[in-house]
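The data block below is coords_17.cif; it holds mmCIF, N, CA, C and O atoms.
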data_entry
loop_
_atom_site.label_atom_id
_atom_site.label_comp_id
_atom_site.auth_asym_id
_atom_site.auth_seq_id
_atom_site.Cartn_x
_atom_site.Cartn_y
_atom_site.Cartn_z
N MET A 1 -20.00 -2.31 16.99
CA MET A 1 -18.77 -2.13 16.24
C MET A 1 -18.85 -2.99 14.96
O MET A 1 -19.15 -4.17 15.02
N ALA A 2 -18.59 -2.38 13.85
CA ALA A 2 -18.66 -3.08 12.56
C ALA A 2 -17.43 -3.95 12.33
O ALA A 2 -16.32 -3.60 12.75
N LEU A 3 -17.65 -5.07 11.71
CA LEU A 3 -16.55 -5.95 11.36
C LEU A 3 -15.81 -5.40 10.14
O LEU A 3 -16.43 -4.78 9.28
N PRO A 4 -14.51 -5.60 10.06
CA PRO A 4 -13.78 -5.12 8.88
C PRO A 4 -14.20 -5.89 7.63
O PRO A 4 -14.56 -7.06 7.70
N GLU A 5 -14.20 -5.20 6.51
CA GLU A 5 -14.50 -5.85 5.24
C GLU A 5 -13.25 -5.80 4.38
O GLU A 5 -12.50 -4.83 4.40
N TYR A 6 -13.03 -6.86 3.63
CA TYR A 6 -11.87 -6.95 2.76
C TYR A 6 -12.32 -7.24 1.34
O TYR A 6 -13.30 -7.96 1.13
N THR A 7 -11.61 -6.71 0.39
CA THR A 7 -11.94 -6.96 -1.01
C THR A 7 -11.25 -8.24 -1.48
O THR A 7 -10.32 -8.73 -0.83
N ARG A 8 -11.69 -8.75 -2.61
CA ARG A 8 -11.02 -9.92 -3.20
C ARG A 8 -9.57 -9.59 -3.53
O ARG A 8 -8.70 -10.44 -3.43
N SER A 9 -9.30 -8.35 -3.90
CA SER A 9 -7.93 -7.93 -4.20
C SER A 9 -7.05 -7.96 -2.96
O SER A 9 -5.90 -8.38 -3.02
N GLN A 10 -7.59 -7.52 -1.82
CA GLN A 10 -6.83 -7.57 -0.57
C GLN A 10 -6.56 -9.01 -0.18
O GLN A 10 -5.47 -9.34 0.28
N LEU A 11 -7.54 -9.87 -0.35
CA LEU A 11 -7.36 -11.30 -0.06
C LEU A 11 -6.31 -11.89 -0.98
O LEU A 11 -5.42 -12.60 -0.53
N ALA A 12 -6.40 -11.58 -2.26
CA ALA A 12 -5.47 -12.15 -3.25
C ALA A 12 -4.02 -11.79 -2.95
O ALA A 12 -3.11 -12.58 -3.22
N LEU A 13 -3.76 -10.62 -2.38
CA LEU A 13 -2.39 -10.22 -2.05
C LEU A 13 -1.81 -11.00 -0.88
O LEU A 13 -0.60 -11.06 -0.71
N ARG A 14 -2.67 -11.63 -0.10
CA ARG A 14 -2.20 -12.43 1.06
C ARG A 14 -2.08 -13.89 0.64
O ARG A 14 -2.61 -14.79 1.25
N ASN A 15 -1.34 -14.14 -0.41
CA ASN A 15 -1.22 -15.47 -1.00
C ASN A 15 0.07 -16.19 -0.63
O ASN A 15 0.36 -17.25 -1.15
N GLY A 16 0.87 -15.57 0.24
CA GLY A 16 2.15 -16.17 0.63
C GLY A 16 3.30 -15.79 -0.28
O GLY A 16 4.43 -16.17 -0.02
N GLN A 17 3.01 -15.03 -1.31
CA GLN A 17 4.05 -14.60 -2.24
C GLN A 17 4.19 -13.07 -2.26
O GLN A 17 5.30 -12.56 -2.24
N ASP A 18 3.08 -12.35 -2.31
CA ASP A 18 3.10 -10.90 -2.46
C ASP A 18 3.26 -10.15 -1.14
O ASP A 18 3.82 -9.07 -1.11
N LYS A 19 2.73 -10.69 -0.07
CA LYS A 19 2.85 -10.10 1.27
C LYS A 19 3.18 -11.20 2.27
O LYS A 19 3.04 -12.37 1.97
N LYS A 20 3.61 -10.78 3.47
CA LYS A 20 3.95 -11.78 4.50
C LYS A 20 2.76 -12.58 4.98
O LYS A 20 2.87 -13.74 5.29
N GLU A 21 1.61 -11.91 5.05
CA GLU A 21 0.42 -12.58 5.57
C GLU A 21 -0.09 -13.61 4.57
O GLU A 21 0.00 -13.42 3.37
N ILE A 22 -0.65 -14.70 5.12
CA ILE A 22 -1.29 -15.72 4.29
C ILE A 22 -2.72 -15.87 4.79
O ILE A 22 -2.94 -16.21 5.95
N TRP A 23 -3.67 -15.56 3.91
CA TRP A 23 -5.08 -15.62 4.25
C TRP A 23 -5.81 -16.57 3.32
O TRP A 23 -5.44 -16.73 2.15
N ILE A 24 -6.86 -17.18 3.84
CA ILE A 24 -7.80 -17.94 3.02
C ILE A 24 -9.20 -17.51 3.44
O ILE A 24 -9.40 -17.02 4.55
N ALA A 25 -10.16 -17.68 2.56
CA ALA A 25 -11.54 -17.35 2.89
C ALA A 25 -12.39 -18.61 2.77
O ALA A 25 -12.12 -19.48 1.94
N PHE A 26 -13.40 -18.70 3.65
CA PHE A 26 -14.34 -19.80 3.61
C PHE A 26 -15.66 -19.34 4.19
O PHE A 26 -15.70 -18.81 5.31
N MET A 27 -16.74 -19.50 3.45
CA MET A 27 -18.09 -19.17 3.90
C MET A 27 -18.18 -17.75 4.46
O MET A 27 -18.77 -17.51 5.51
N GLY A 28 -17.57 -16.80 3.79
CA GLY A 28 -17.67 -15.40 4.18
C GLY A 28 -16.71 -14.93 5.25
O GLY A 28 -16.73 -13.77 5.62
N LEU A 29 -15.88 -15.83 5.78
CA LEU A 29 -14.89 -15.45 6.79
C LEU A 29 -13.49 -15.58 6.20
O LEU A 29 -13.23 -16.46 5.38
N ILE A 30 -12.60 -14.70 6.64
CA ILE A 30 -11.20 -14.77 6.23
C ILE A 30 -10.40 -15.30 7.40
O ILE A 30 -10.55 -14.84 8.53
N TYR A 31 -9.55 -16.28 7.09
CA TYR A 31 -8.71 -16.91 8.11
C TYR A 31 -7.25 -16.57 7.88
O TYR A 31 -6.76 -16.60 6.76
N GLU A 32 -6.57 -16.26 8.98
CA GLU A 32 -5.14 -15.96 8.98
C GLU A 32 -4.40 -17.29 9.17
O GLU A 32 -4.54 -17.94 10.21
N VAL A 33 -3.66 -17.73 8.16
CA VAL A 33 -2.96 -19.02 8.24
C VAL A 33 -1.44 -18.87 8.08
O VAL A 33 -0.74 -19.83 7.81
N THR A 34 -0.95 -17.65 8.28
CA THR A 34 0.47 -17.35 8.09
C THR A 34 1.37 -18.30 8.89
O THR A 34 2.39 -18.76 8.38
N ASN A 35 1.01 -18.60 10.11
CA ASN A 35 1.87 -19.42 10.98
C ASN A 35 1.57 -20.91 10.92
O ASN A 35 2.19 -21.68 11.65
N SER A 36 0.68 -21.30 10.04
CA SER A 36 0.36 -22.71 9.91
C SER A 36 1.37 -23.41 9.02
O SER A 36 1.59 -23.01 7.87
N ARG A 37 1.97 -24.46 9.52
CA ARG A 37 2.93 -25.22 8.71
C ARG A 37 2.24 -25.88 7.52
O ARG A 37 2.87 -26.20 6.52
N LEU A 38 0.94 -26.03 7.60
CA LEU A 38 0.18 -26.63 6.50
C LEU A 38 -0.01 -25.68 5.33
O LEU A 38 -0.39 -26.10 4.24
N TRP A 39 0.23 -24.40 5.55
CA TRP A 39 0.06 -23.40 4.49
C TRP A 39 1.39 -22.73 4.15
O TRP A 39 1.44 -21.60 3.71
N TYR A 40 2.49 -23.44 4.32
CA TYR A 40 3.81 -22.90 4.01
C TYR A 40 3.85 -22.38 2.58
O TYR A 40 3.42 -23.06 1.64
N ASN A 41 4.34 -21.17 2.41
CA ASN A 41 4.46 -20.53 1.09
C ASN A 41 3.11 -20.30 0.41
O ASN A 41 3.06 -20.12 -0.80
N GLY A 42 2.02 -20.38 1.17
CA GLY A 42 0.72 -20.09 0.60
C GLY A 42 0.07 -21.25 -0.15
O GLY A 42 -0.90 -21.06 -0.86
N LYS A 43 0.60 -22.44 0.04
CA LYS A 43 0.03 -23.59 -0.66
C LYS A 43 -0.26 -24.71 0.34
O LYS A 43 0.53 -24.99 1.23
N HIS A 44 -1.40 -25.35 0.16
CA HIS A 44 -1.78 -26.50 0.98
C HIS A 44 -2.27 -27.57 0.01
O HIS A 44 -3.41 -27.49 -0.49
N TYR A 45 -1.40 -28.51 -0.28
CA TYR A 45 -1.67 -29.52 -1.30
C TYR A 45 -2.02 -28.82 -2.61
O TYR A 45 -1.23 -28.02 -3.09
N GLU A 46 -3.19 -29.04 -3.18
CA GLU A 46 -3.53 -28.38 -4.44
C GLU A 46 -4.31 -27.07 -4.24
O GLU A 46 -4.81 -26.49 -5.19
N HIS A 47 -4.39 -26.58 -3.01
CA HIS A 47 -5.11 -25.35 -2.71
C HIS A 47 -4.12 -24.21 -2.52
O HIS A 47 -3.08 -24.38 -1.89
N TRP A 48 -4.48 -23.05 -3.04
CA TRP A 48 -3.65 -21.86 -2.93
C TRP A 48 -4.31 -20.82 -2.05
O TRP A 48 -5.53 -20.63 -2.11
N ALA A 49 -3.50 -20.16 -1.23
CA ALA A 49 -4.00 -19.09 -0.36
C ALA A 49 -4.33 -17.85 -1.18
O ALA A 49 -4.00 -17.77 -2.36
N GLY A 50 -4.98 -16.91 -0.54
CA GLY A 50 -5.33 -15.66 -1.20
C GLY A 50 -6.62 -15.74 -1.98
O GLY A 50 -6.90 -14.88 -2.81
N GLN A 51 -7.40 -16.77 -1.70
CA GLN A 51 -8.67 -16.92 -2.42
C GLN A 51 -9.74 -17.54 -1.54
O GLN A 51 -9.44 -18.04 -0.46
N ASP A 52 -10.95 -17.52 -2.04
CA ASP A 52 -12.08 -18.12 -1.34
C ASP A 52 -12.10 -19.61 -1.66
O ASP A 52 -12.20 -20.01 -2.82
N LEU A 53 -12.01 -20.44 -0.63
CA LEU A 53 -11.96 -21.89 -0.81
C LEU A 53 -13.30 -22.57 -0.52
O LEU A 53 -13.36 -23.79 -0.42
N THR A 54 -14.35 -21.80 -0.43
CA THR A 54 -15.67 -22.35 -0.11
C THR A 54 -16.06 -23.48 -1.06
O THR A 54 -16.53 -24.53 -0.62
N ASN A 55 -15.87 -23.29 -2.33
CA ASN A 55 -16.27 -24.30 -3.31
C ASN A 55 -15.29 -25.46 -3.41
O ASN A 55 -15.63 -26.50 -3.98
N GLU A 56 -14.09 -25.30 -2.87
CA GLU A 56 -13.09 -26.36 -2.94
C GLU A 56 -13.16 -27.34 -1.77
O GLU A 56 -12.78 -28.49 -1.90
N LEU A 57 -13.64 -26.90 -0.63
CA LEU A 57 -13.63 -27.76 0.55
C LEU A 57 -14.46 -29.03 0.41
O LEU A 57 -14.04 -30.07 0.93
N PRO A 58 -15.58 -29.01 -0.28
CA PRO A 58 -16.32 -30.28 -0.42
C PRO A 58 -15.51 -31.40 -1.09
O PRO A 58 -15.77 -32.57 -0.84
N ASP A 59 -14.53 -31.05 -1.89
CA ASP A 59 -13.69 -32.05 -2.55
C ASP A 59 -12.46 -32.43 -1.73
O ASP A 59 -11.71 -33.32 -2.12
N ALA A 60 -12.24 -31.76 -0.62
CA ALA A 60 -11.06 -32.03 0.21
C ALA A 60 -11.31 -33.27 1.07
O ALA A 60 -12.46 -33.65 1.33
N PRO A 61 -10.23 -33.91 1.55
CA PRO A 61 -10.39 -35.10 2.38
C PRO A 61 -10.82 -34.79 3.82
O PRO A 61 -10.95 -35.68 4.63
N HIS A 62 -11.03 -33.52 4.14
CA HIS A 62 -11.49 -33.11 5.47
C HIS A 62 -12.66 -32.16 5.31
O HIS A 62 -13.01 -31.78 4.20
N ASN A 63 -13.26 -31.74 6.41
CA ASN A 63 -14.39 -30.83 6.34
C ASN A 63 -14.08 -29.52 7.04
O ASN A 63 -12.95 -29.31 7.49
N GLU A 64 -15.08 -28.66 7.17
CA GLU A 64 -14.83 -27.34 7.75
C GLU A 64 -14.44 -27.36 9.22
O GLU A 64 -14.00 -26.36 9.75
N LYS A 65 -14.57 -28.49 9.89
CA LYS A 65 -14.14 -28.58 11.29
C LYS A 65 -12.64 -28.30 11.43
O LYS A 65 -12.20 -27.86 12.47
N CYS A 66 -11.89 -28.53 10.37
CA CYS A 66 -10.44 -28.27 10.42
C CYS A 66 -10.16 -26.77 10.55
O CYS A 66 -9.09 -26.38 10.98
N LEU A 67 -11.14 -25.92 10.24
CA LEU A 67 -10.95 -24.48 10.33
C LEU A 67 -11.17 -23.94 11.73
O LEU A 67 -10.81 -22.81 12.03
N LYS A 68 -11.75 -24.75 12.62
CA LYS A 68 -12.07 -24.24 13.96
C LYS A 68 -10.84 -23.86 14.77
O LYS A 68 -10.92 -23.03 15.66
N ASN A 69 -9.68 -24.39 14.42
CA ASN A 69 -8.45 -24.04 15.13
C ASN A 69 -7.72 -22.86 14.51
O ASN A 69 -6.67 -22.45 15.01
N LEU A 70 -8.26 -22.32 13.43
CA LEU A 70 -7.62 -21.19 12.77
C LEU A 70 -8.21 -19.88 13.27
O LEU A 70 -9.37 -19.81 13.67
N LYS A 71 -7.42 -18.84 13.22
CA LYS A 71 -7.87 -17.52 13.66
C LYS A 71 -8.59 -16.82 12.51
O LYS A 71 -8.04 -16.63 11.45
N SER A 72 -9.83 -16.45 12.76
CA SER A 72 -10.61 -15.68 11.79
C SER A 72 -10.30 -14.21 12.01
O SER A 72 -10.18 -13.75 13.15
N LEU A 73 -10.17 -13.44 10.94
CA LEU A 73 -9.92 -12.00 11.08
C LEU A 73 -11.12 -11.28 11.66
O LEU A 73 -11.01 -10.17 12.15
N GLU A 74 -12.28 -11.91 11.63
CA GLU A 74 -13.49 -11.31 12.15
C GLU A 74 -13.69 -11.61 13.63
O GLU A 74 -14.58 -11.08 14.25
N SER A 75 -12.88 -12.49 14.20
CA SER A 75 -13.08 -12.82 15.62
C SER A 75 -12.11 -12.10 16.52
O SER A 75 -11.20 -11.47 16.11
#
What do you get writing this file as structure tokens?
Amino acid sequence: MALPEYTRSQLALRNGQDKKEIWIAFMGLIYEVTNSRLWYNGKHYEHWAGQDLTNELPDAPHNEKCLKNLKSLES
């Protein structure tokens, strides 16, 4: 069974403003963060949902282990 693929435009619409869903991408995976209090309104500190955060995480005060509790759309 093939995994679903999403475009950057589909990801961008899940920014907490345009649609109910809030998604972020990291290392080729999209994460559903709609119910996370840390992503309220699509913003987490200086990071915005609806985009690929792969290049931003190295500058964050945490590492990718924080993503292990999030639901990936591919899982």
To verify the selection step, state as a PyMOL selection string which residues the PyMOL selection byres ((chain A and resi 31) around 8) yields on this input.
chain A and resi 14+21-26+28-30+32-34+50-51+67+70-74
Between atom CA of Tyr6 of chain A and atom N of Pro61 of chain A - distance in Å to one decimal:
27.0 Å
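Nearest to Trp39 of chain A of all the residues A:Lys68, A:Asn15, A:Pro58, A:Met27 is A:Asn15, based on only N, CA, C and O atoms.
Candidate residues A:Cys66, A:Lys20, A:Glu5, A:Gln10 were compared for distance to Gly42 of chain A, and the nearest is A:Lys20, using only N, CA, C and O atoms.
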Computed interatomic separation between atom N of Ala12 of chain A and atom CA of Ala49 of chain A (Å):
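These two atoms are separated by 8.1 Å.
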As an exercise, work out the distance from atom N of Asn63 of chain A to atom O of Asp18 of chain A in Å and give it to one decimal place.
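Straight-line distance from atom N of Asn63 of chain A to atom O of Asp18 of chain A works out to 29.4 Å.
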Taking all atoms listed in the file into account, which of A:His47, A:Leu53, A:Tyr40, A:Pro4 comes nearest Gly16 of chain A?
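Among the listed residues, the smallest separation from Gly16 of chain A belongs to A:Tyr40.
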Which residue, A:Asn41, A:Trp48, A:Asn69, A:Leu57, has the smallest gap to Gln17 of chain A when you use all atoms listed in the file?
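The answer is A:Asn41, which sits nearest to Gln17 of chain A.
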Just so I have it separately, write chain A from the block I sent, keeping C-alpha atoms, as a PDB file, in the first residue's frame.
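The resulting file, part21.pdb, is reproduced below:
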ATOM      1  CA  MET A   1       0.000   0.000   0.000  1.00  0.00           C
ATOM      2  CA  ALA A   2       1.446   3.365  -1.022  1.00  0.00           C
ATOM      3  CA  LEU A   3       1.793   6.164   1.470  1.00  0.00           C
ATOM      4  CA  PRO A   4      -0.158   9.352   0.745  1.00  0.00           C
ATOM      5  CA  GLU A   5       1.790  12.217  -0.760  1.00  0.00           C
ATOM      6  CA  TYR A   6       1.061  15.859  -0.044  1.00  0.00           C
ATOM      7  CA  THR A   7       2.129  18.953  -1.908  1.00  0.00           C
ATOM      8  CA  ARG A   8       3.722  22.017  -0.316  1.00  0.00           C
ATOM      9  CA  SER A   9       0.451  23.828  -1.082  1.00  0.00           C
ATOM     10  CA  GLN A  10      -1.576  21.246   0.860  1.00  0.00           C
ATOM     11  CA  LEU A  11       0.852  21.559   3.771  1.00  0.00           C
ATOM     12  CA  ALA A  12       0.735  25.363   3.646  1.00  0.00           C
ATOM     13  CA  LEU A  13      -3.073  25.357   3.999  1.00  0.00           C
ATOM     14  CA  ARG A  14      -2.777  23.455   7.294  1.00  0.00           C
ATOM     15  CA  ASN A  15      -1.225  26.453   9.040  1.00  0.00           C
ATOM     16  CA  GLY A  16      -3.853  26.934  11.749  1.00  0.00           C
ATOM     17  CA  GLN A  17      -5.459  29.826   9.909  1.00  0.00           C
ATOM     18  CA  ASP A  18      -6.807  28.554   6.566  1.00  0.00           C
ATOM     19  CA  LYS A  19      -8.073  25.124   7.660  1.00  0.00           C
ATOM     20  CA  LYS A  20      -8.823  23.427  10.985  1.00  0.00           C
ATOM     21  CA  GLU A  21      -5.919  21.029  10.688  1.00  0.00           C
ATOM     22  CA  ILE A  22      -2.443  22.096  11.781  1.00  0.00           C
ATOM     23  CA  TRP A  23       0.434  20.248  10.141  1.00  0.00           C
ATOM     24  CA  ILE A  24       4.199  20.567  10.218  1.00  0.00           C
ATOM     25  CA  ALA A  25       6.784  18.684   8.180  1.00  0.00           C
ATOM     26  CA  PHE A  26      10.164  17.381   9.277  1.00  0.00           C
ATOM     27  CA  MET A  27      12.611  15.136   7.396  1.00  0.00           C
ATOM     28  CA  GLY A  28      10.036  14.101   4.795  1.00  0.00           C
ATOM     29  CA  LEU A  29       7.226  13.308   7.249  1.00  0.00           C
ATOM     30  CA  ILE A  30       4.136  15.388   7.950  1.00  0.00           C
ATOM     31  CA  TYR A  31       2.949  15.616  11.535  1.00  0.00           C
ATOM     32  CA  GLU A  32      -0.589  16.382  12.693  1.00  0.00           C
ATOM     33  CA  VAL A  33      -0.304  18.882  15.577  1.00  0.00           C
ATOM     34  CA  THR A  34      -3.879  20.231  15.620  1.00  0.00           C
ATOM     35  CA  ASN A  35      -4.532  19.068  19.189  1.00  0.00           C
ATOM     36  CA  SER A  36      -1.181  20.100  20.594  1.00  0.00           C
ATOM     37  CA  ARG A  37      -1.399  23.025  22.989  1.00  0.00           C
ATOM     38  CA  LEU A  38       2.132  23.892  21.886  1.00  0.00           C
ATOM     39  CA  TRP A  39       0.891  24.639  18.359  1.00  0.00           C
ATOM     40  CA  TYR A  40      -2.160  26.735  19.274  1.00  0.00           C
ATOM     41  CA  ASN A  41      -3.249  28.843  16.280  1.00  0.00           C
ATOM     42  CA  GLY A  42      -0.478  27.310  14.177  1.00  0.00           C
ATOM     43  CA  LYS A  43       2.408  28.957  15.983  1.00  0.00           C
ATOM     44  CA  HIS A  44       5.047  27.486  18.284  1.00  0.00           C
ATOM     45  CA  TYR A  45       7.313  30.246  19.551  1.00  0.00           C
ATOM     46  CA  GLU A  46       8.931  31.636  16.374  1.00  0.00           C
ATOM     47  CA  HIS A  47       7.936  28.621  14.240  1.00  0.00           C
ATOM     48  CA  TRP A  48       4.853  28.583  12.036  1.00  0.00           C
ATOM     49  CA  ALA A  49       2.840  25.531  11.013  1.00  0.00           C
ATOM     50  CA  GLY A  50       2.111  24.667   7.412  1.00  0.00           C
ATOM     51  CA  GLN A  51       5.736  24.387   6.421  1.00  0.00           C
ATOM     52  CA  ASP A  52       8.776  22.144   6.488  1.00  0.00           C
ATOM     53  CA  LEU A  53      10.712  22.770   9.705  1.00  0.00           C
ATOM     54  CA  THR A  54      13.658  20.496   8.884  1.00  0.00           C
ATOM     55  CA  ASN A  55      16.101  23.384   8.578  1.00  0.00           C
ATOM     56  CA  GLU A  56      14.734  25.187  11.649  1.00  0.00           C
ATOM     57  CA  LEU A  57      15.024  22.390  14.210  1.00  0.00           C
ATOM     58  CA  PRO A  58      18.815  22.555  14.584  1.00  0.00           C
ATOM     59  CA  ASP A  59      18.383  26.085  15.987  1.00  0.00           C
ATOM     60  CA  ALA A  60      15.603  25.066  18.388  1.00  0.00           C
ATOM     61  CA  PRO A  61      16.276  24.415  22.092  1.00  0.00           C
ATOM     62  CA  HIS A  62      15.144  20.780  21.617  1.00  0.00           C
ATOM     63  CA  ASN A  63      15.840  18.034  19.089  1.00  0.00           C
ATOM     64  CA  GLU A  64      13.782  15.717  16.907  1.00  0.00           C
ATOM     65  CA  LYS A  65      13.020  13.447  19.879  1.00  0.00           C
ATOM     66  CA  CYS A  66      10.224  15.885  20.722  1.00  0.00           C
ATOM     67  CA  LEU A  67       8.452  14.702  17.544  1.00  0.00           C
ATOM     68  CA  LYS A  68       8.208  11.078  18.680  1.00  0.00           C
ATOM     69  CA  ASN A  69       4.983  11.814  20.574  1.00  0.00           C
ATOM     70  CA  LEU A  70       3.328  13.416  17.559  1.00  0.00           C
ATOM     71  CA  LYS A  71       1.161  11.575  15.060  1.00  0.00           C
ATOM     72  CA  SER A  72       2.715  11.302  11.617  1.00  0.00           C
ATOM     73  CA  LEU A  73       0.250  11.246   8.704  1.00  0.00           C
ATOM     74  CA  GLU A  74       2.321   8.427   7.242  1.00  0.00           C
ATOM     75  CA  SER A  75       1.946   6.149  10.261  1.00  0.00           C
TER      76      SER A  75
END
